[in-house]
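Containing TSV, C-alpha atoms: run_23.tsv.
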```tsv
chain	number	residue	atom	x	y	z
T	398	MET	CA	36.14	19.66	35.47
T	399	ASN	CA	34.12	21.38	32.79
T	400	VAL	CA	32.68	18.80	30.40
T	401	THR	CA	31.12	19.82	27.09
T	402	LEU	CA	29.10	17.39	25.02
T	403	VAL	CA	29.66	18.67	21.50
T	404	SER	CA	27.41	17.74	18.59
T	405	ALA	CA	29.87	17.11	15.77
T	406	GLY	CA	27.34	17.32	12.97
T	407	MET	CA	28.21	15.01	10.09
T	408	GLY	CA	31.72	14.53	11.47
T	409	THR	CA	33.42	17.12	9.28
T	410	ALA	CA	34.77	20.60	9.96
T	411	ASP	CA	32.26	22.03	7.49
T	412	THR	CA	29.25	20.79	9.49
T	413	LEU	CA	30.48	21.91	12.92
T	414	THR	CA	28.68	24.93	14.37
T	415	GLY	CA	30.77	27.91	15.42
T	416	GLU	CA	30.03	27.22	19.09
T	417	ALA	CA	31.11	23.59	18.74
T	418	GLY	CA	34.34	24.62	17.00
T	419	LEU	CA	35.21	27.07	19.78
T	420	ALA	CA	34.55	24.44	22.46
T	421	ILE	CA	36.85	21.94	20.77
T	422	ALA	CA	39.58	24.55	20.27
T	423	ALA	CA	39.57	25.39	24.00
T	424	ALA	CA	39.58	21.79	25.27
T	425	ASP	CA	42.41	20.17	27.21
T	426	CYS	CA	41.08	16.72	26.35
T	427	VAL	CA	38.92	15.54	23.46
T	428	ILE	CA	37.05	12.25	23.70
T	429	GLY	CA	35.09	10.52	20.95
T	430	ALA	CA	34.88	7.81	18.34
T	431	GLU	CA	38.13	7.35	16.44
T	432	ARG	CA	36.39	8.29	13.16
T	433	LEU	CA	35.39	11.67	14.59
T	434	LEU	CA	38.77	12.41	16.15
T	435	ALA	CA	40.43	11.73	12.80
T	436	SER	CA	38.14	14.02	10.83
T	437	LEU	CA	37.68	17.06	13.11
T	438	PRO	CA	40.09	19.99	13.68
T	439	LEU	CA	41.52	19.27	17.16
T	440	PRO	CA	43.86	21.57	19.13
T	441	ASP	CA	47.52	20.52	18.97
T	442	GLY	CA	48.10	20.36	22.71
T	443	ALA	CA	44.95	18.53	23.69
T	444	ALA	CA	44.95	14.94	24.90
T	445	ARG	CA	42.91	12.55	22.77
T	446	ALA	CA	40.90	9.56	23.94
T	447	PRO	CA	39.36	7.41	21.16
T	448	LEU	CA	36.36	6.13	23.11
T	449	ALA	CA	32.78	5.69	21.89
T	450	LEU	CA	30.79	3.74	24.51
T	451	PRO	CA	29.19	6.06	27.10
T	452	GLU	CA	30.45	3.85	29.96
T	453	ASP	CA	34.03	4.12	28.70
T	454	VAL	CA	33.70	7.88	28.18
T	455	VAL	CA	32.40	8.52	31.71
T	456	ARG	CA	35.00	6.20	33.25
T	457	HIS	CA	37.75	8.17	31.48
T	458	LEU	CA	36.30	11.48	32.70
T	459	ARG	CA	36.13	10.28	36.29
T	460	ASP	CA	39.61	8.76	36.22
T	461	ASN	CA	41.07	12.02	34.85
T	462	ARG	CA	38.89	14.63	36.57
T	463	ASP	CA	41.92	16.21	38.25
T	464	SER	CA	44.11	16.10	35.13
T	465	PHE	CA	42.21	18.52	32.89
T	466	ALA	CA	40.31	21.76	33.40
T	467	SER	CA	38.03	21.17	30.40
T	468	ALA	CA	37.11	18.10	28.40
T	469	VAL	CA	35.05	17.82	25.24
T	470	VAL	CA	33.09	14.71	24.26
T	471	VAL	CA	32.35	14.79	20.51
T	472	LEU	CA	29.18	13.03	19.38
T	473	SER	CA	28.10	12.54	15.79
T	474	GLY	CA	24.98	14.31	14.57
T	475	ASP	CA	22.99	16.19	17.17
T	476	ALA	CA	23.26	15.34	20.87
T	477	GLY	CA	19.48	15.34	21.22
T	478	PHE	CA	18.71	12.85	18.45
T	479	TYR	CA	19.52	9.20	19.23
T	480	SER	CA	22.94	10.13	20.52
T	481	GLY	CA	25.15	8.78	23.27
T	482	ALA	CA	24.56	12.06	25.12
T	483	LYS	CA	21.49	10.71	26.93
T	484	ARG	CA	23.39	7.83	28.48
T	485	ILE	CA	26.43	9.95	29.29
T	486	LEU	CA	24.25	12.44	31.16
T	487	GLU	CA	22.58	9.61	33.05
T	488	LEU	CA	25.94	8.20	34.08
T	489	LEU	CA	27.11	11.64	35.18
T	490	ASN	CA	23.94	11.92	37.30
T	491	ILE	CA	22.96	15.17	35.61
T	492	GLN	CA	19.45	14.04	34.72
T	493	ALA	CA	18.94	12.57	38.20
T	494	LEU	CA	19.88	15.87	39.81
T	495	LEU	CA	17.52	17.81	37.54
T	496	ALA	CA	14.66	15.37	38.13
T	497	ALA	CA	15.09	15.81	41.86
T	498	GLY	CA	14.96	19.58	41.52
T	499	SER	CA	18.58	19.86	42.64
T	500	GLU	CA	20.29	21.31	39.61
T	501	ASN	CA	22.56	23.32	41.92
T	502	ALA	CA	23.62	20.28	43.93
T	503	PRO	CA	27.39	19.61	44.08
T	504	SER	CA	28.74	17.57	41.18
T	505	LEU	CA	32.13	16.42	40.02
T	506	PHE	CA	31.47	18.01	36.63
T	507	GLU	CA	30.04	21.16	35.12
T	508	VAL	CA	28.31	19.90	32.00
T	509	THR	CA	27.28	21.82	28.88
T	510	VAL	CA	25.52	20.41	25.82
T	511	ILE	CA	26.01	22.04	22.42
T	512	PRO	CA	23.49	21.19	19.68
T	513	GLY	CA	24.47	20.57	16.08
T	514	VAL	CA	23.46	19.55	12.59
T	515	GLY	CA	22.00	16.05	12.67
T	516	ALA	CA	21.64	13.57	9.84
T	517	VAL	CA	17.98	14.40	9.33
T	518	GLN	CA	18.63	18.14	8.86
T	519	TYR	CA	21.58	17.54	6.56
T	520	PHE	CA	19.78	14.92	4.49
T	521	ALA	CA	16.62	17.02	4.12
T	522	ALA	CA	18.72	19.98	2.98
T	523	ARG	CA	20.45	17.82	0.38
T	524	LEU	CA	17.01	16.77	-0.86
T	525	ARG	CA	15.87	20.41	-0.85
T	526	ARG	CA	12.77	19.68	1.19
T	527	PRO	CA	11.58	20.41	4.74
T	528	TRP	CA	11.75	17.64	7.33
T	529	GLN	CA	8.97	18.87	9.62
T	530	ASP	CA	6.60	16.15	8.38
T	531	PHE	CA	9.08	13.27	8.62
T	532	ARG	CA	8.40	10.59	11.19
T	533	LEU	CA	11.80	10.19	12.89
T	534	ALA	CA	12.91	6.70	13.87
T	535	SER	CA	16.15	4.99	14.73
T	536	ALA	CA	17.07	1.50	13.65
T	537	HIS	CA	20.65	2.01	14.82
T	538	GLY	CA	21.30	-0.37	17.69
T	539	VAL	CA	17.72	-0.17	19.03
T	540	ASP	CA	14.65	-2.34	18.54
T	541	THR	CA	12.46	-0.76	15.88
T	542	ASP	CA	9.32	-2.17	14.27
T	543	VAL	CA	10.03	-1.02	10.73
T	544	LEU	CA	6.72	-2.21	9.29
T	545	ALA	CA	4.66	-0.54	12.01
T	546	GLU	CA	6.43	2.78	11.42
T	547	VAL	CA	5.92	2.64	7.66
T	548	LEU	CA	2.26	1.55	7.85
T	549	ASN	CA	1.33	4.24	10.36
T	550	HIS	CA	3.24	7.16	8.80
T	551	PRO	CA	3.48	8.06	5.10
T	552	CYS	CA	7.02	9.46	5.35
T	553	VAL	CA	9.53	7.88	7.76
T	554	PHE	CA	13.19	8.82	8.24
T	555	PHE	CA	15.35	5.99	9.60
T	556	LEU	CA	18.80	6.17	11.11
T	557	THR	CA	20.24	2.76	10.28
T	558	GLY	CA	23.07	0.53	11.39
T	559	GLY	CA	23.88	-2.74	13.07
T	560	ARG	CA	21.31	-5.48	12.50
T	561	LEU	CA	18.87	-3.15	10.77
T	562	ASP	CA	20.87	-1.61	7.98
T	563	VAL	CA	19.31	-0.22	4.80
T	564	GLY	CA	19.32	-3.62	3.10
T	565	ALA	CA	17.53	-5.30	6.01
T	566	ILE	CA	14.82	-2.62	6.04
T	567	ILE	CA	14.30	-2.99	2.29
T	568	ARG	CA	13.91	-6.75	2.68
T	569	ILE	CA	11.31	-6.29	5.45
T	570	LEU	CA	9.27	-3.99	3.22
T	571	HIS	CA	9.57	-6.40	0.30
T	572	ARG	CA	8.37	-9.38	2.36
T	573	SER	CA	5.40	-7.32	3.54
T	574	GLY	CA	4.21	-6.54	0.01
T	575	LEU	CA	5.28	-2.89	-0.11
T	576	ASP	CA	7.36	-3.12	-3.28
T	577	ASP	CA	6.07	0.22	-4.58
T	578	ALA	CA	7.12	2.24	-1.52
T	579	VAL	CA	9.59	4.95	-2.60
T	580	LEU	CA	12.99	4.97	-0.90
T	581	THR	CA	15.70	7.62	-0.74
T	582	VAL	CA	19.03	6.43	0.66
T	583	GLY	CA	21.70	8.83	1.91
T	584	GLU	CA	25.05	7.06	2.05
T	585	ASN	CA	28.27	8.42	3.63
T	586	LEU	CA	26.71	11.85	4.05
T	587	ALA	CA	29.12	14.83	3.93
T	588	ALA	CA	32.00	12.54	2.96
T	589	PRO	CA	33.75	12.60	-0.43
T	590	THR	CA	31.97	9.30	-1.19
T	591	GLU	CA	28.51	10.70	-0.43
T	592	ARG	CA	25.80	9.07	-2.55
T	593	ILE	CA	22.05	9.66	-2.67
T	594	VAL	CA	19.94	6.98	-4.37
T	595	ARG	CA	16.20	7.01	-5.03
T	596	GLY	CA	13.95	4.17	-6.17
T	597	THR	CA	11.18	1.80	-5.16
T	598	VAL	CA	11.65	-1.17	-2.84
T	599	GLU	CA	11.53	-3.45	-5.87
T	600	GLU	CA	14.15	-1.41	-7.73
T	601	LEU	CA	16.60	-1.23	-4.81
T	602	LEU	CA	16.06	-4.73	-3.43
T	603	HIS	CA	19.39	-6.06	-4.71
T	604	GLU	CA	21.45	-2.88	-4.24
T	605	THR	CA	24.27	-2.76	-1.67
T	606	PHE	CA	24.68	0.21	0.65
T	607	SER	CA	27.27	1.39	3.17
T	608	SER	CA	26.69	0.86	6.88
T	609	LEU	CA	26.85	4.67	7.27
T	610	ALA	CA	23.49	5.43	5.68
T	611	VAL	CA	20.09	6.94	6.39
T	612	LEU	CA	16.82	6.04	4.72
T	613	LEU	CA	13.63	7.91	3.88
T	614	VAL	CA	10.60	5.68	3.21
T	615	GLU	CA	7.55	7.20	1.51
T	616	ASN	CA	4.59	4.85	1.51
T	617	SER	CA	1.23	5.79	0.02
T	618	ARG	CA	-0.31	2.51	1.21
T	619	THR	CA	-0.74	3.27	4.89
T	620	PHE	CA	-3.88	2.12	6.70
T	621	THR	CA	-6.75	3.25	4.48
T	622	ARG	CA	-9.39	3.13	7.20
T	623	LYS	CA	-9.15	6.26	9.33
T	624	THR	CA	-10.77	4.73	12.42
T	625	ALA	CA	-9.74	1.53	14.15
T	626	ALA	CA	-13.30	0.95	15.43
T	627	ALA	CA	-14.65	-2.50	14.53
T	628	GLY	CA	-17.63	-3.02	12.24
T	629	ILE	CA	-16.54	-2.43	8.63
T	630	PRO	CA	-19.56	-2.64	6.28
T	631	ASP	CA	-19.84	-6.07	4.64
T	632	ASP	CA	-20.00	-4.61	1.13
T	633	ASP	CA	-16.58	-3.00	1.58
T	634	PHE	CA	-14.95	-6.43	1.38
T	635	ILE	CA	-14.16	-8.45	-1.72
T	636	ARG	CA	-16.19	-11.59	-1.04
T	637	ALA	CA	-16.71	-14.05	-3.95
T	638	ASN	CA	-18.14	-17.38	-2.70
T	639	VAL	CA	-16.07	-17.68	0.46
T	640	PRO	CA	-17.90	-17.53	3.83
T	641	MET	CA	-17.59	-14.23	5.70
T	642	THR	CA	-18.24	-13.26	9.31
T	643	LYS	CA	-20.87	-10.52	9.19
T	644	ARG	CA	-20.39	-6.97	10.41
T	645	GLU	CA	-22.32	-7.20	13.71
T	646	VAL	CA	-20.63	-10.47	14.68
T	647	ARG	CA	-17.21	-9.05	13.86
T	648	ALA	CA	-17.82	-6.00	16.03
T	649	VAL	CA	-18.79	-8.12	19.05
T	650	ALA	CA	-15.96	-10.61	18.46
T	651	VAL	CA	-13.36	-7.84	18.35
T	652	SER	CA	-14.86	-6.31	21.50
T	653	LEU	CA	-14.53	-9.65	23.31
T	654	LEU	CA	-10.95	-10.08	22.11
T	655	ALA	CA	-10.03	-6.50	23.14
T	656	PRO	CA	-6.84	-6.36	21.04
T	657	GLU	CA	-4.08	-3.99	22.07
T	658	PRO	CA	-2.02	-1.93	19.58
T	659	ALA	CA	1.08	-4.17	19.53
T	660	ASP	CA	-0.60	-7.59	19.91
T	661	ILE	CA	0.17	-10.76	17.98
T	662	LEU	CA	-3.21	-12.04	16.76
T	663	TYR	CA	-4.44	-15.18	15.02
T	664	ASP	CA	-7.56	-15.50	12.86
T	665	ILE	CA	-8.02	-19.25	12.42
T	666	GLY	CA	-10.24	-20.25	9.54
T	667	ALA	CA	-10.03	-16.71	8.20
T	668	GLY	CA	-12.31	-17.10	5.15
T	669	THR	CA	-12.38	-13.76	3.33
T	670	GLY	CA	-10.18	-12.23	6.01
T	671	SER	CA	-12.86	-9.86	7.32
T	672	VAL	CA	-11.99	-10.53	10.97
T	673	SER	CA	-8.27	-10.40	10.13
T	674	VAL	CA	-8.71	-6.95	8.60
T	675	GLU	CA	-10.64	-5.73	11.64
T	676	LEU	CA	-7.90	-7.00	13.96
T	677	ALA	CA	-5.14	-5.51	11.83
T	678	ASN	CA	-6.87	-2.13	11.99
T	679	CYS	CA	-7.00	-2.37	15.79
T	680	ALA	CA	-3.45	-3.65	16.28
T	681	ARG	CA	-1.69	-1.16	14.04
T	682	ARG	CA	1.67	-1.84	15.67
T	683	GLY	CA	1.11	-5.57	15.96
T	684	ARG	CA	0.83	-8.52	13.59
T	685	VAL	CA	-2.17	-10.54	12.44
T	686	TYR	CA	-1.81	-14.06	11.05
T	687	ALA	CA	-4.78	-15.07	8.87
T	688	ILE	CA	-4.71	-18.88	8.88
T	689	GLU	CA	-6.70	-20.48	6.07
T	690	ARG	CA	-6.44	-23.85	4.29
T	691	LEU	CA	-8.48	-23.08	1.14
T	692	PRO	CA	-6.38	-21.54	-1.70
T	693	ALA	CA	-9.33	-19.50	-3.02
T	694	ALA	CA	-9.88	-17.98	0.42
T	695	CYS	CA	-6.16	-17.19	0.79
T	696	GLU	CA	-6.32	-15.32	-2.51
T	697	LEU	CA	-9.29	-13.29	-1.24
T	698	ILE	CA	-7.49	-12.43	1.99
T	699	HIS	CA	-4.56	-11.09	-0.03
T	700	LYS	CA	-6.97	-8.90	-2.01
T	701	ASN	CA	-8.69	-7.57	1.09
T	702	ARG	CA	-5.31	-6.92	2.72
T	703	SER	CA	-4.42	-4.66	-0.20
T	704	ARG	CA	-7.88	-3.08	-0.27
T	705	PHE	CA	-7.56	-1.88	3.33
T	706	GLY	CA	-3.80	-1.27	3.43
T	707	VAL	CA	-3.33	-3.67	6.35
T	708	TYR	CA	0.13	-4.98	5.47
T	709	ASN	CA	0.62	-5.98	9.10
T	710	LEU	CA	-1.59	-8.94	8.12
T	711	GLU	CA	0.20	-12.09	6.97
T	712	VAL	CA	-1.67	-14.82	5.13
T	713	VAL	CA	-0.73	-18.30	6.37
T	714	SER	CA	-1.82	-21.11	4.07
T	715	GLY	CA	-2.49	-24.31	6.01
T	716	ALA	CA	-4.64	-26.00	8.61
T	717	ALA	CA	-4.58	-25.54	12.37
T	718	PRO	CA	-3.25	-26.80	14.67
T	719	ALA	CA	-0.22	-28.08	12.69
T	720	ILE	CA	0.45	-24.78	10.91
T	721	LEU	CA	0.60	-22.88	14.21
T	722	GLU	CA	3.95	-24.39	15.20
T	723	SER	CA	5.95	-21.98	13.04
T	724	LEU	CA	4.15	-18.82	14.20
T	725	PRO	CA	5.07	-16.55	17.14
T	726	PRO	CA	3.01	-17.01	20.33
T	727	PRO	CA	-0.36	-15.23	20.10
T	728	ASP	CA	-1.70	-12.69	22.55
T	729	ARG	CA	-5.24	-13.24	21.25
T	730	ALA	CA	-6.89	-15.61	18.79
T	731	PHE	CA	-10.20	-15.75	16.96
T	732	ILE	CA	-11.44	-19.14	15.75
T	733	GLY	CA	-13.93	-18.81	12.92
T	734	SER	CA	-13.49	-22.43	11.89
T	735	SER	CA	-11.38	-25.11	13.55
T	736	GLY	CA	-11.62	-27.70	10.81
T	737	GLY	CA	-13.51	-30.01	13.15
T	738	ASP	CA	-10.85	-30.38	15.88
T	739	ILE	CA	-11.48	-27.47	18.24
T	740	ALA	CA	-9.94	-29.26	21.24
T	741	ALA	CA	-6.60	-29.72	19.45
T	742	VAL	CA	-6.60	-26.11	18.24
T	743	LEU	CA	-7.27	-24.77	21.73
T	744	ALA	CA	-4.56	-27.01	23.21
T	745	ALA	CA	-2.06	-25.69	20.64
T	746	LEU	CA	-2.95	-22.06	21.39
T	747	VAL	CA	-2.61	-22.52	25.15
T	748	GLY	CA	0.63	-24.43	24.61
T	749	LYS	CA	2.10	-21.45	22.77
T	750	ASN	CA	0.84	-18.93	25.37
T	751	PRO	CA	-0.98	-20.00	28.57
T	752	ALA	CA	-2.30	-16.43	28.92
T	753	VAL	CA	-3.80	-16.26	25.43
T	754	ARG	CA	-7.25	-14.68	25.04
T	755	ILE	CA	-9.51	-16.78	22.78
T	756	VAL	CA	-12.83	-16.08	21.09
T	757	ALA	CA	-14.51	-18.83	19.05
T	758	ALA	CA	-17.57	-18.62	16.80
T	759	ALA	CA	-20.22	-21.36	16.66
T	760	ILE	CA	-23.48	-21.75	14.77
T	761	CYS	CA	-24.83	-24.92	16.40
T	762	LEU	CA	-25.38	-25.98	20.01
T	763	GLU	CA	-23.17	-29.05	19.71
T	764	THR	CA	-20.21	-26.84	18.84
T	765	VAL	CA	-20.97	-24.58	21.82
T	766	ALA	CA	-20.81	-27.57	24.13
T	767	GLU	CA	-17.59	-28.81	22.51
T	768	VAL	CA	-15.89	-25.43	22.89
T	769	MET	CA	-16.99	-25.04	26.52
T	770	ASP	CA	-15.64	-28.51	27.32
T	771	ALA	CA	-12.34	-27.59	25.69
T	772	PHE	CA	-12.20	-24.36	27.71
T	773	THR	CA	-12.59	-26.44	30.87
T	774	THR	CA	-9.97	-28.97	29.78
T	775	GLU	CA	-7.44	-26.18	29.14
T	776	ASN	CA	-8.30	-24.44	32.45
T	777	LEU	CA	-9.18	-21.21	30.65
T	778	ALA	CA	-10.62	-18.69	33.09
T	779	ARG	CA	-13.61	-16.35	32.78
T	780	ALA	CA	-15.43	-18.34	30.12
T	781	GLU	CA	-18.53	-16.67	28.70
T	782	VAL	CA	-20.99	-17.16	25.85
T	783	VAL	CA	-22.62	-14.35	23.89
T	784	GLN	CA	-25.33	-14.92	21.29
T	785	VAL	CA	-25.45	-12.37	18.50
T	786	ALA	CA	-28.84	-12.27	16.78
T	787	ALA	CA	-28.97	-9.25	14.47
T	788	SER	CA	-31.73	-8.19	12.08
T	789	ARG	CA	-31.41	-5.85	9.13
T	790	THR	CA	-34.02	-3.89	7.24
T	791	HIS	CA	-34.95	-4.58	3.63
T	792	GLY	CA	-37.41	-2.72	1.45
T	793	VAL	CA	-40.79	-4.21	0.52
T	794	GLY	CA	-43.40	-2.10	-1.28
T	795	GLY	CA	-41.96	1.16	-0.04
T	796	LYS	CA	-41.79	-0.10	3.55
T	797	HIS	CA	-38.88	-1.33	5.64
T	798	LEU	CA	-39.13	-4.81	7.14
T	799	LEU	CA	-36.63	-6.61	9.37
T	800	ARG	CA	-34.91	-9.75	8.16
T	801	ALA	CA	-33.03	-11.82	10.74
T	802	GLU	CA	-29.46	-12.90	10.19
T	803	ASN	CA	-28.38	-16.33	11.38
T	804	PRO	CA	-27.76	-16.25	15.15
T	805	ILE	CA	-24.13	-16.81	16.09
T	806	PHE	CA	-22.60	-17.88	19.41
T	807	LEU	CA	-19.35	-16.25	20.46
T	808	LEU	CA	-17.45	-18.06	23.21
T	809	ALA	CA	-14.65	-16.23	25.00
T	810	ALA	CA	-12.15	-17.29	27.64
T	811	GLY	CA	-8.62	-16.82	28.89
T	812	GLY	CA	-6.36	-13.83	28.77
T	813	PRO	CA	-4.17	-12.10	31.37
T	814	VAL	CA	-5.38	-12.28	34.96
T	815	ASN	CA	-5.69	-8.47	35.12
T	816	ALA	CA	-7.63	-8.25	31.82
```

Once more with this new file: its structure as structure tokens, please.
Amino acid sequence: MNVTLVSAGMGTADTLTGEAGLAIAAADCVIGAERLLASLPLPDGAARAPLALPEDVVRHLRDNRDSFASAVVVLSGDAGFYSGAKRILELLNIQALLAAGSENAPSLFEVTVIPGVGAVQYFAARLRRPWQDFRLASAHGVDTDVLAEVLNHPCVFFLTGGRLDVGAIIRILHRSGLDDAVLTVGENLAAPTERIVRGTVEELLHETFSSLAVLLVENSRTFTRKTAAAGIPDDDFIRANVPMTKREVRAVAVSLLAPEPADILYDIGAGTGSVSVELANCARRGRVYAIERLPAACELIHKNRSRFGVYNLEVVSGAAPAILESLPPPDRAFIGSSGGDIAAVLAALVGKNPAVRIVAAAICLETVAEVMDAFTTENLARAEVVQVAASRTHGVGGKHLLRAENPIFLLAAGGPVNA
């Protein structure tokens, strides 16, 4: 049987390519979602099978392989862009044959794929702008980190549907503080009820949109720091009278934590949020929870979050360990201040994730001993202590003299066995 996977464009006769139209006209059997079969020009004598799931489509093809000479599977949009074509080809073993270098091996089907006009091309044309600079993402039936996409790319095109429809994405952006991001929604594209709406997150927050919609998010507040390397100059932060971990200590602490791009990170006793900002810059597809009990410090963290564009940083007002219960399990945690109960904080962290990597700061020897005892109690492996004693120059009479900063102990332990 000859099987043709036809890209049906926007699901209308007007957006079919000539090649796709000819393939449909010559088919003995046409398979596809009921919406597509109802809207496309199908040949009068062809059998119709209203099936959408790839497993159902392939089962129908196999069950009827001797009944038809040619079958067409119509797929919305373009077969190469978040389409069911990938799974259908896998089930037909086409990709497996190609990967094995056996494209001429015997098969039950001769398969052809015809490209078409996808939602991104159609939408960009309606907006009269090129789409070459769009970041393309799908939130239609797949797990997508909306915030990570928007923070890392200034212009993101989303296919939407299912759990992550347009409204859900708008609410995520609103909760993250991106109310001024500009949105363009394309609803029921190519249909008589087509609607294109433009506005900010704040303006569209309470709007209702169809489930058949795409979304373009333009965000000028992406990460402002071009490098993710640790060690932001102290003077770059808004500080006031709240304690701040100094640049050299932050750089070593982040090195000991070794955050990965999609990590969940805690900064306990966050102060001004300087360590939180460093971690958010490193984990640009992760989340950082800045935990701080002082209202004035929380306000500063919010300001520094905006200053550096790290909207993957969430300020959590409260004291550890109690406040940690509502947070997702951490991959890594920095403890700048434990509020005097380091043992309870460490126990809570290990309870949430036995493989958590922890780095704690201490300025006195008694605290070092307390942290090391807690590491032992929690059976945290590979414990180590690093003392950071930095000196900086200052000018005196035209000369440069060194002035020592307070020495800080950094205690690290835990983490994955293969870390």

(request) One decimal, Å: what's the distance from atom CA of T:Ala443 over to atom CA of T:Cys426, could you say? (result)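 Computed distance, atom CA of T:Ala443 to atom CA of T:Cys426, equals 5.0 Å.
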
(request) Excluding T:Tyr519 and residues on its chain fewer than 3 positions from it, collect all residues at most 10 Å away from it, counting only C-alpha atoms, and give them as number ranges by chain. (result) T: 406-407, 412, 474, 514-516, 522-525, 528, 583, 586-587

(message) Residues within 7 Å of stretch 566-570 of chain T, please, as a PyMOL selection string. Count all atoms listed in the file; anything in the same chain fewer than 4 positions from it doesn't count.
(response) chain T and resi 543-544+561-562+574-576+598+602

Can you spit out the residues from that selection as a PDB file, in the coordinates of the input, using C-alpha atoms?
```pdb
ATOM      1  CA  VAL T 543      10.030  -1.020  10.730  1.00  0.00           C
ATOM      2  CA  LEU T 544       6.720  -2.210   9.290  1.00  0.00           C
ATOM      3  CA  LEU T 561      18.870  -3.150  10.770  1.00  0.00           C
ATOM      4  CA  ASP T 562      20.870  -1.610   7.980  1.00  0.00           C
ATOM      5  CA  GLY T 574       4.210  -6.540   0.010  1.00  0.00           C
ATOM      6  CA  LEU T 575       5.280  -2.890  -0.110  1.00  0.00           C
ATOM      7  CA  ASP T 576       7.360  -3.120  -3.280  1.00  0.00           C
ATOM      8  CA  VAL T 598      11.650  -1.170  -2.840  1.00  0.00           C
ATOM      9  CA  LEU T 602      16.060  -4.730  -3.430  1.00  0.00           C
TER      10      LEU T 602
END
```

(message) Give me the residues near stretch 712-727 of chain T as a PyMOL selection string, where near means some atom within 8 Å (using all atoms listed in the file) and where sequence neighbours in that chain fewer than 3 positions away do not count.
(response) chain T and resi 660-663+665+686-692+695+698-699+730+735-736+741-742+745-746+749-750+753

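For the pair atom CA of T:Thr597 and atom CA of T:Thr581, the separation is 8.6 Å.
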
(request) Find the residues around T:Glu416 up to 9 Å (all atoms listed in the file counted), leave out those fewer than 6 positions away in its own chain, and share them as a VMD selection string. (result) chain T and resid 403 511 to 512

(request) Pick out the closest residue to T:Ala759 from this set: T:Leu777, T:Ala809, T:Ala787, T:Ala446. Count all atoms listed in the file. (result) T:Ala809

Grab all the atoms of stretch 506-519 of chain T that the file lists, wrap them in a box along x, y and z, add 4 Å per side, and give me centre plus edge lengths in Å (one decimal) as lines of an AutoDock Vina configuration file.
```
center_x = 24.7
center_y = 17.8
center_z = 21.6
size_x = 21.5
size_y = 16.5
size_z = 38.1
```

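Between atom CA of T:Ala424 and atom CA of T:Ser464 there is a distance of 12.3 Å.
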
(request) Choose the residue, out of T:Arg462, T:Phe531, T:Lys796, T:Met398, that has the smallest atom-to-atom separation from T:Glu507; count all atoms listed in the file. (result)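 Counting all atoms listed in the file, the residue closest to T:Glu507 is T:Met398.
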
(request) With a distance cut-off of 8 Å and only C-alpha atoms, select the neighbouring residues of T:Ile485, excluding the residue or stretch itself and same-chain residues fewer than 3 positions from it, and output the selection as a PyMOL selection string. (result) chain T and resi 451-452+454-455+481-482+488-489

(request) Measuring atom to atom with only C-alpha atoms, identify which of T:Arg618, T:Glu775, T:Ile739, T:Pro438 is nearest to T:Ser703. (result)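 Among the listed residues, the smallest separation from T:Ser703 belongs to T:Arg618.
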
(message) Ranking T:Asp632, T:Asp530, T:Glu696, T:Asp411 by minimum distance to T:Arg644 and counting all atoms listed in the file, which one comes first?
(response)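 Going through T:Asp632, T:Asp530, T:Glu696, T:Asp411 one by one, the smallest distance to T:Arg644 is for T:Asp632.
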
(request) Give the answer as one residue: which of T:Val563, T:Ala545, T:Leu439, T:Ala627 has the shortest atom-to-atom distance to T:Arg684, using all atoms listed in the file? (result)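 Checking each of T:Val563, T:Ala545, T:Leu439, T:Ala627 against T:Arg684, counting all atoms listed in the file, the winner is T:Ala545.
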